[in-house]
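So this one's structure_28.cif, mmCIF, C-alpha atoms:
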data_model
loop_
_atom_site.label_atom_id
_atom_site.label_comp_id
_atom_site.auth_asym_id
_atom_site.auth_seq_id
_atom_site.Cartn_x
_atom_site.Cartn_y
_atom_site.Cartn_z
CA MET C 63 14.08 93.24 34.99
CA THR C 64 13.63 96.82 36.13
CA PRO C 65 11.71 98.80 33.53
CA GLN C 66 13.10 102.03 32.11
CA ILE C 67 12.25 105.26 33.90
CA PRO C 68 10.48 107.46 31.32
CA GLU C 69 12.90 109.96 29.81
CA GLY C 70 12.72 113.37 31.41
CA TYR C 71 11.14 112.04 34.61
CA GLU C 72 14.25 110.60 36.30
CA HIS C 73 14.76 113.69 38.47
CA LEU C 74 11.42 113.08 40.20
CA LEU C 75 12.96 109.99 41.81
CA HIS C 76 16.07 111.86 42.91
CA GLU C 77 14.64 115.01 44.44
CA PRO C 78 13.20 115.24 47.96
CA LEU C 79 9.55 115.23 46.83
CA PHE C 80 6.53 113.69 48.43
CA ALA C 81 5.35 110.46 46.85
CA HIS C 82 1.75 109.45 47.43
CA LEU C 83 1.88 105.79 48.35
CA ALA C 84 -1.06 103.56 47.46
CA THR C 85 -1.40 100.25 49.28
CA VAL C 86 -4.23 97.73 49.48
CA THR C 87 -5.84 96.60 52.74
CA ARG C 88 -6.46 92.99 53.62
CA ASP C 89 -10.07 93.43 52.54
CA GLY C 90 -9.09 94.85 49.17
CA ARG C 91 -9.67 98.60 49.41
CA PRO C 92 -6.96 101.11 48.51
CA VAL C 93 -5.33 103.55 50.93
CA SER C 94 -3.24 106.59 50.02
CA ASN C 95 -0.64 108.36 52.17
CA PRO C 96 2.08 110.88 51.32
CA MET C 97 5.56 109.55 52.02
CA TRP C 98 9.20 110.49 52.09
CA PHE C 99 11.30 108.23 49.93
CA LEU C 100 14.77 107.66 48.58
CA TYR C 101 15.63 105.97 45.29
CA GLU C 102 18.85 104.04 45.72
CA ASP C 103 20.41 101.10 43.87
CA GLY C 104 17.22 100.65 41.89
CA LEU C 105 14.99 100.41 44.96
CA ILE C 106 12.43 102.80 46.36
CA LEU C 107 13.27 103.01 50.07
CA PHE C 108 10.97 104.33 52.73
CA THR C 109 10.72 104.18 56.47
CA ASN C 110 7.72 102.79 58.29
CA THR C 111 6.86 101.17 61.59
CA THR C 112 5.58 97.68 62.11
CA ASN C 113 2.41 98.97 63.78
CA ARG C 114 1.22 101.22 60.95
CA PRO C 115 -1.56 100.36 58.54
CA GLN C 116 0.69 100.66 55.47
CA TYR C 117 3.03 98.07 56.91
CA HIS C 118 0.19 95.62 57.53
CA ASN C 119 -1.15 96.29 54.05
CA LEU C 120 2.24 95.53 52.50
CA GLU C 121 2.65 92.36 54.55
CA HIS C 122 -0.51 91.12 52.93
CA GLU C 123 -0.14 92.68 49.45
CA PRO C 124 3.47 93.60 48.61
CA ARG C 125 2.51 95.46 45.43
CA LEU C 126 2.33 99.23 45.86
CA ALA C 127 2.09 102.33 43.73
CA LEU C 128 3.48 105.83 44.00
CA SER C 129 2.67 109.05 42.22
CA ILE C 130 5.03 112.00 42.27
CA ILE C 131 4.09 115.39 40.84
CA ASP C 132 6.72 117.51 39.09
CA PRO C 133 6.83 120.67 41.23
CA GLU C 134 8.05 122.68 38.24
CA GLU C 135 5.16 121.56 36.05
CA PRO C 136 2.25 120.28 38.12
CA TYR C 137 0.50 118.59 35.21
CA ARG C 138 3.46 116.27 34.77
CA TYR C 139 3.80 113.37 37.12
CA LEU C 140 5.47 110.01 37.39
CA GLY C 141 3.62 106.91 38.52
CA VAL C 142 5.56 103.92 39.82
CA GLY C 143 4.30 100.40 40.39
CA ALA C 144 6.65 98.45 42.65
CA VAL C 145 6.87 95.29 44.74
CA VAL C 146 8.35 95.06 48.22
CA GLU C 147 11.61 93.17 47.99
CA ARG C 148 13.15 93.80 51.40
CA VAL C 149 11.99 94.72 54.87
CA GLU C 150 14.78 95.36 57.37
CA PRO C 151 14.56 96.31 61.02
CA ASP C 152 15.94 99.79 61.60
CA PRO C 153 15.87 100.14 65.40
CA GLU C 154 18.18 103.15 65.29
CA GLY C 155 15.94 104.94 62.80
CA THR C 156 18.89 105.51 60.45
CA LEU C 157 16.75 105.81 57.32
CA PHE C 158 14.35 108.15 59.10
CA GLU C 159 17.29 110.37 60.00
CA ARG C 160 18.69 110.33 56.47
CA LEU C 161 15.26 111.24 55.11
CA ALA C 162 14.68 113.98 57.69
CA GLU C 163 17.98 115.55 56.66
CA ARG C 164 17.18 115.10 52.97
CA TYR C 165 13.79 116.77 53.40
CA SER C 166 15.31 119.44 55.68
CA VAL C 167 13.00 118.71 58.56
CA ASP C 168 13.90 118.71 62.22
CA ILE C 169 11.64 116.02 63.70
CA GLN C 170 12.41 114.03 66.81
CA LEU C 171 11.95 110.31 66.18
CA ASP C 172 10.01 108.75 69.05
CA ASP C 173 9.26 105.31 67.64
CA ALA C 174 12.66 104.08 66.44
CA SER C 175 12.29 100.66 68.05
CA ASN C 176 9.50 99.73 65.61
CA ARG C 177 11.16 101.23 62.57
CA VAL C 178 11.73 99.24 59.41
CA ILE C 179 13.27 100.08 56.06
CA ILE C 180 11.04 98.97 53.20
CA GLY C 181 12.72 98.49 49.83
CA ALA C 182 10.47 98.14 46.79
CA ARG C 183 11.58 97.36 43.26
CA PRO C 184 9.83 99.21 40.43
CA THR C 185 7.96 96.94 38.02
CA ARG C 186 6.31 99.59 35.86
CA PHE C 187 6.13 103.33 35.30
CA TRP C 188 3.41 105.60 33.97
CA LYS C 189 3.41 109.31 33.42
CA GLN C 190 1.62 112.36 32.20
CA MET Q 146 -23.75 107.89 57.02
CA THR Q 147 -21.03 110.24 55.91
CA PRO Q 148 -18.24 110.44 58.50
CA GLN Q 149 -17.11 113.78 59.88
CA ILE Q 150 -14.31 115.59 58.07
CA PRO Q 151 -11.52 116.06 60.65
CA GLU Q 152 -11.65 119.54 62.14
CA GLY Q 153 -9.21 121.93 60.51
CA TYR Q 154 -8.95 119.88 57.33
CA GLU Q 155 -12.22 120.88 55.63
CA HIS Q 156 -10.54 123.50 53.44
CA LEU Q 157 -8.47 120.81 51.72
CA LEU Q 158 -11.68 119.53 50.13
CA HIS Q 159 -12.74 122.99 49.02
CA GLU Q 160 -9.57 124.36 47.45
CA PRO Q 161 -8.34 123.54 43.94
CA LEU Q 162 -5.66 121.09 45.08
CA PHE Q 163 -4.45 117.89 43.50
CA ALA Q 164 -5.75 114.74 45.10
CA HIS Q 165 -3.75 111.57 44.55
CA LEU Q 166 -6.31 108.92 43.64
CA ALA Q 167 -5.62 105.31 44.57
CA THR Q 168 -7.59 102.61 42.78
CA VAL Q 169 -7.19 98.85 42.59
CA THR Q 170 -6.76 96.90 39.35
CA ARG Q 171 -8.74 93.80 38.50
CA ASP Q 172 -5.75 91.70 39.58
CA GLY Q 173 -5.51 93.45 42.93
CA ARG Q 174 -2.59 95.85 42.68
CA PRO Q 175 -2.90 99.53 43.55
CA VAL Q 176 -2.47 102.41 41.11
CA SER Q 177 -1.97 106.08 41.98
CA ASN Q 178 -2.73 109.12 39.82
CA PRO Q 179 -3.04 112.81 40.66
CA MET Q 180 -6.53 114.14 39.95
CA TRP Q 181 -8.59 117.29 39.85
CA PHE Q 182 -11.65 117.04 42.04
CA LEU Q 183 -14.61 118.95 43.37
CA TYR Q 184 -16.37 118.30 46.68
CA GLU Q 185 -20.06 119.03 46.25
CA ASP Q 186 -23.16 117.91 48.11
CA GLY Q 187 -21.12 115.45 50.12
CA LEU Q 188 -19.62 113.77 47.06
CA ILE Q 189 -16.12 113.81 45.63
CA LEU Q 190 -16.62 114.49 41.93
CA PHE Q 191 -14.05 113.91 39.26
CA THR Q 192 -13.96 113.61 35.52
CA ASN Q 193 -12.66 110.56 33.73
CA THR Q 194 -13.13 108.75 30.44
CA THR Q 195 -14.53 105.29 29.93
CA ASN Q 196 -11.31 104.13 28.27
CA ARG Q 197 -8.91 105.02 31.09
CA PRO Q 198 -7.40 102.52 33.52
CA GLN Q 199 -8.87 104.28 36.58
CA TYR Q 200 -12.36 103.92 35.14
CA HIS Q 201 -11.89 100.19 34.54
CA ASN Q 202 -10.45 99.81 38.03
CA LEU Q 203 -13.46 101.53 39.57
CA GLU Q 204 -15.90 99.45 37.54
CA HIS Q 205 -14.41 96.40 39.17
CA GLU Q 206 -13.60 97.85 42.65
CA PRO Q 207 -15.65 100.95 43.47
CA ARG Q 208 -13.70 101.71 46.63
CA LEU Q 209 -11.04 104.37 46.19
CA ALA Q 210 -8.77 106.53 48.30
CA LEU Q 211 -7.46 110.07 47.99
CA SER Q 212 -4.69 111.92 49.75
CA ILE Q 213 -4.46 115.68 49.67
CA ILE Q 214 -1.48 117.58 51.10
CA ASP Q 215 -2.01 120.92 52.81
CA PRO Q 216 0.04 123.33 50.66
CA GLU Q 217 0.47 125.66 53.63
CA GLU Q 218 1.88 122.91 55.83
CA PRO Q 219 3.17 120.00 53.78
CA TYR Q 220 3.34 117.58 56.72
CA ARG Q 221 -0.41 117.84 57.15
CA TYR Q 222 -2.63 115.90 54.82
CA LEU Q 223 -6.12 114.54 54.58
CA GLY Q 224 -6.84 111.00 53.47
CA VAL Q 225 -10.27 110.06 52.18
CA GLY Q 226 -11.71 106.61 51.64
CA ALA Q 227 -14.76 106.72 49.39
CA VAL Q 228 -17.04 104.51 47.32
CA VAL Q 229 -18.30 105.31 43.83
CA GLU Q 230 -21.98 106.11 44.07
CA ARG Q 231 -22.72 107.59 40.65
CA VAL Q 232 -21.24 107.45 37.17
CA GLU Q 233 -22.89 109.78 34.67
CA PRO Q 234 -22.07 110.32 31.01
CA ASP Q 235 -20.78 113.83 30.40
CA PRO Q 236 -20.48 113.99 26.60
CA GLU Q 237 -20.17 117.78 26.68
CA GLY Q 238 -17.32 117.62 29.17
CA THR Q 239 -19.10 120.03 31.51
CA LEU Q 240 -17.32 118.86 34.65
CA PHE Q 241 -13.98 118.96 32.85
CA GLU Q 242 -14.69 122.57 31.92
CA ARG Q 243 -15.72 123.51 35.46
CA LEU Q 244 -12.58 121.89 36.82
CA ALA Q 245 -10.32 123.52 34.22
CA GLU Q 246 -11.70 126.89 35.24
CA ARG Q 247 -11.40 126.07 38.93
CA TYR Q 248 -7.78 125.01 38.51
CA SER Q 249 -7.12 128.00 36.21
CA VAL Q 250 -5.88 125.88 33.34
CA ASP Q 251 -6.56 126.45 29.68
CA ILE Q 252 -6.69 122.92 28.22
CA GLN Q 253 -8.58 121.95 25.11
CA LEU Q 254 -10.77 118.90 25.76
CA ASP Q 255 -10.37 116.43 22.91
CA ASP Q 256 -12.13 113.39 24.36
CA ALA Q 257 -15.46 114.76 25.54
CA SER Q 258 -17.49 111.97 23.95
CA ASN Q 259 -16.06 109.41 26.41
CA ARG Q 260 -16.26 111.66 29.45
CA VAL Q 261 -18.02 110.60 32.61
CA ILE Q 262 -18.60 112.28 35.95
CA ILE Q 263 -17.69 109.98 38.82
CA GLY Q 264 -19.25 110.79 42.18
CA ALA Q 265 -17.81 109.04 45.24
CA ARG Q 266 -19.15 109.22 48.78
CA PRO Q 267 -16.59 109.43 51.60
CA THR Q 268 -16.73 106.52 54.01
CA ARG Q 269 -13.73 107.38 56.17
CA PHE Q 270 -11.08 110.03 56.71
CA TRP Q 271 -7.54 109.89 58.04
CA LYS Q 272 -5.04 112.66 58.56
CA GLN Q 273 -1.68 113.72 59.76
#
Just give me the structure of the file as structure tokens.
Amino acid sequence: MTPQIPEGYEHLLHEPLFAHLATVTRDGRPVSNPMWFLYEDGLILFTNTTNRPQYHNLEHEPRLALSIIDPEEPYRYLGVGAVVERVEPDPEGTLFERLAERYSVDIQLDDASNRVIIGARPTRFWKQ
Amino acid sequence: MTPQIPEGYEHLLHEPLFAHLATVTRDGRPVSNPMWFLYEDGLILFTNTTNRPQYHNLEHEPRLALSIIDPEEPYRYLGVGAVVERVEPDPEGTLFERLAERYSVDIQLDDASNRVIIGARPTRFWKQ
């Protein structure tokens, strides 16, 4: 069962904000990287490539966390704990292109062949 | 030996920016929380309390990660892997007060008695 998004924090999942993604390496240490994301049909979606450290981390430990600061009030933030539910090849880079448009960035994608769409289902939220 | 901060990214450790702190829970999942920090004498310093989840996480797994976005160029960021080297009681909340001043925030500290200063030594950097 998907937990409830804390009231008043829903917009942080729907705006083109950076989420800081925490993953855990095979040897148990955490890593943090800012990420584009999309929240759709109850899943956090992000694009990655199969040769990046985050992808290897999630292969080994599918639990991840995100934190997203409210740009209007920087002492408010939403934390999300989630578990990878789907990994789909995206050799055309379609999610990358959707995200680039959403974040209004003109970046040429040069590694589409390795691209995957990662879908993670929230299991808990925290906030401040 | 402290690794070299990537050239051109040093200022991100010296400005009052939010770092997103990744820690690992006792059962191995990552957590992410935005944090104030100070980089001093080669250590990342931050204030916490002994009853917060991050503190318990770091008691169990002293390795942590930070990511800090460059506010001038949001597609640049610095990642820091670090290990907790010192935990000192701070019952007067002195680091909290220094940080509040540094971040220009007027917050009343109501949990000074539990406050600790956590000092973590960088072991690796990554960037984009």
For this session: Identify all residues satisfying the PyMOL selection byres ((chain C) within 7 of (chain Q)) in the given file; provide them as a PyMOL selection string.
Result: chain C and resi 82+84-86+91-95+125-129+141
For this session: Check which residues satisfy the PyMOL selection byres ((chain C and resi 180) around 10) in the file shown, then give them as number ranges by chain.
Result: C: 99, 105-111, 117, 120, 146-152, 157, 177-179, 181-182
For this session: Show me as a PyMOL selection string the residues that reach within 7 Å of (16.0, 114.3, 48.2), counting all atoms listed in the file and using the file's own coordinates.
Result: chain C and resi 76-79+100+164-165
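Between CA of Ala245 in chain Q and CA of Pro267 in chain Q there is a distance of 23.2 Å.
For the pair CA of Glu155 in chain Q and CA of Phe270 in chain Q, the separation is 11.0 Å.
Going from CA of Arg114 in chain C over to CA of His201 in chain Q, you cover 29.5 Å.
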Exercise. Which one of C:Leu161, C:Leu74, C:Ile169, C:Ala174 sits closest to Glu134 in chain C if you count all atoms listed in the file?
Worked result: C:Leu74
Specify the axis-aligned box that encloses all atoms of range 227-243 of chain Q listed in the file after padding of 3 Å on each side, stating its centre and edge lengths in Å to one decimal as lines of an AutoDock Vina configuration file.
center_x = -18.4
center_y = 114.0
center_z = 38.0
size_x = 14.9
size_y = 25.0
size_z = 28.8
What would range 239-271 of chain Q look like with N, CA and C atoms in place, written as a tab-separated table (two decimals), in the coordinates of the input?
chain	number	residue	atom	x	y	z
Q	239	THR	N	-18.79	118.87	30.66
Q	239	THR	CA	-19.10	120.03	31.51
Q	239	THR	C	-18.29	120.03	32.81
Q	240	LEU	N	-18.11	118.87	33.41
Q	240	LEU	CA	-17.32	118.86	34.65
Q	240	LEU	C	-15.86	119.17	34.34
Q	241	PHE	N	-15.36	118.63	33.25
Q	241	PHE	CA	-13.98	118.96	32.85
Q	241	PHE	C	-13.83	120.47	32.74
Q	242	GLU	N	-14.80	121.11	32.11
Q	242	GLU	CA	-14.69	122.57	31.92
Q	242	GLU	C	-14.78	123.33	33.25
Q	243	ARG	N	-15.65	122.87	34.13
Q	243	ARG	CA	-15.72	123.51	35.46
Q	243	ARG	C	-14.39	123.36	36.19
Q	244	LEU	N	-13.83	122.14	36.11
Q	244	LEU	CA	-12.58	121.89	36.82
Q	244	LEU	C	-11.43	122.69	36.20
Q	245	ALA	N	-11.39	122.76	34.88
Q	245	ALA	CA	-10.32	123.52	34.22
Q	245	ALA	C	-10.37	124.98	34.67
Q	246	GLU	N	-11.58	125.51	34.80
Q	246	GLU	CA	-11.70	126.89	35.24
Q	246	GLU	C	-11.27	127.03	36.71
Q	247	ARG	N	-11.75	126.07	37.51
Q	247	ARG	CA	-11.40	126.07	38.93
Q	247	ARG	C	-9.91	125.99	39.16
Q	248	TYR	N	-9.22	125.19	38.35
Q	248	TYR	CA	-7.78	125.01	38.51
Q	248	TYR	C	-7.00	126.00	37.62
Q	249	SER	N	-7.74	126.92	37.01
Q	249	SER	CA	-7.12	128.00	36.21
Q	249	SER	C	-6.20	127.46	35.11
Q	250	VAL	N	-6.69	126.48	34.39
Q	250	VAL	CA	-5.88	125.88	33.34
Q	250	VAL	C	-6.66	125.97	32.03
Q	251	ASP	N	-5.94	126.33	30.99
Q	251	ASP	CA	-6.56	126.45	29.68
Q	251	ASP	C	-6.17	125.22	28.85
Q	252	ILE	N	-6.97	124.15	28.97
Q	252	ILE	CA	-6.69	122.92	28.22
Q	252	ILE	C	-7.86	122.65	27.29
Q	253	GLN	N	-7.54	122.29	26.08
Q	253	GLN	CA	-8.58	121.95	25.11
Q	253	GLN	C	-8.99	120.49	25.36
Q	254	LEU	N	-10.28	120.26	25.52
Q	254	LEU	CA	-10.77	118.90	25.76
Q	254	LEU	C	-10.98	118.21	24.43
Q	255	ASP	N	-10.26	117.09	24.21
Q	255	ASP	CA	-10.37	116.43	22.91
Q	255	ASP	C	-11.02	115.05	23.03
Q	256	ASP	N	-11.51	114.71	24.22
Q	256	ASP	CA	-12.13	113.39	24.36
Q	256	ASP	C	-13.45	113.49	25.11
Q	257	ALA	N	-14.21	114.55	24.82
Q	257	ALA	CA	-15.46	114.76	25.54
Q	257	ALA	C	-16.43	113.59	25.38
Q	258	SER	N	-16.46	112.98	24.21
Q	258	SER	CA	-17.49	111.97	23.95
Q	258	SER	C	-17.42	110.80	24.94
Q	259	ASN	N	-16.23	110.51	25.44
Q	259	ASN	CA	-16.06	109.41	26.41
Q	259	ASN	C	-16.15	109.86	27.86
Q	260	ARG	N	-16.36	111.13	28.09
Q	260	ARG	CA	-16.26	111.66	29.45
Q	260	ARG	C	-17.39	111.18	30.35
Q	261	VAL	N	-17.03	110.92	31.57
Q	261	VAL	CA	-18.02	110.60	32.61
Q	261	VAL	C	-17.71	111.44	33.85
Q	262	ILE	N	-18.76	111.67	34.64
Q	262	ILE	CA	-18.60	112.28	35.95
Q	262	ILE	C	-18.69	111.13	36.96
Q	263	ILE	N	-17.67	111.00	37.77
Q	263	ILE	CA	-17.69	109.98	38.82
Q	263	ILE	C	-17.94	110.68	40.14
Q	264	GLY	N	-18.93	110.22	40.87
Q	264	GLY	CA	-19.25	110.79	42.18
Q	264	GLY	C	-19.02	109.73	43.24
Q	265	ALA	N	-18.14	110.03	44.19
Q	265	ALA	CA	-17.81	109.04	45.24
Q	265	ALA	C	-18.13	109.61	46.61
Q	266	ARG	N	-18.74	108.78	47.44
Q	266	ARG	CA	-19.15	109.22	48.78
Q	266	ARG	C	-18.10	108.80	49.80
Q	267	PRO	N	-17.58	109.76	50.57
Q	267	PRO	CA	-16.59	109.43	51.60
Q	267	PRO	C	-17.15	108.45	52.63
Q	268	THR	N	-16.36	107.49	52.99
Q	268	THR	CA	-16.73	106.52	54.01
Q	268	THR	C	-15.81	106.60	55.22
Q	269	ARG	N	-14.65	107.21	55.04
Q	269	ARG	CA	-13.73	107.38	56.17
Q	269	ARG	C	-12.69	108.46	55.83
Q	270	PHE	N	-12.15	109.04	56.86
Q	270	PHE	CA	-11.08	110.03	56.71
Q	270	PHE	C	-9.91	109.64	57.59
Q	271	TRP	N	-8.71	109.98	57.17
Q	271	TRP	CA	-7.54	109.89	58.04
Q	271	TRP	C	-6.70	111.15	57.77
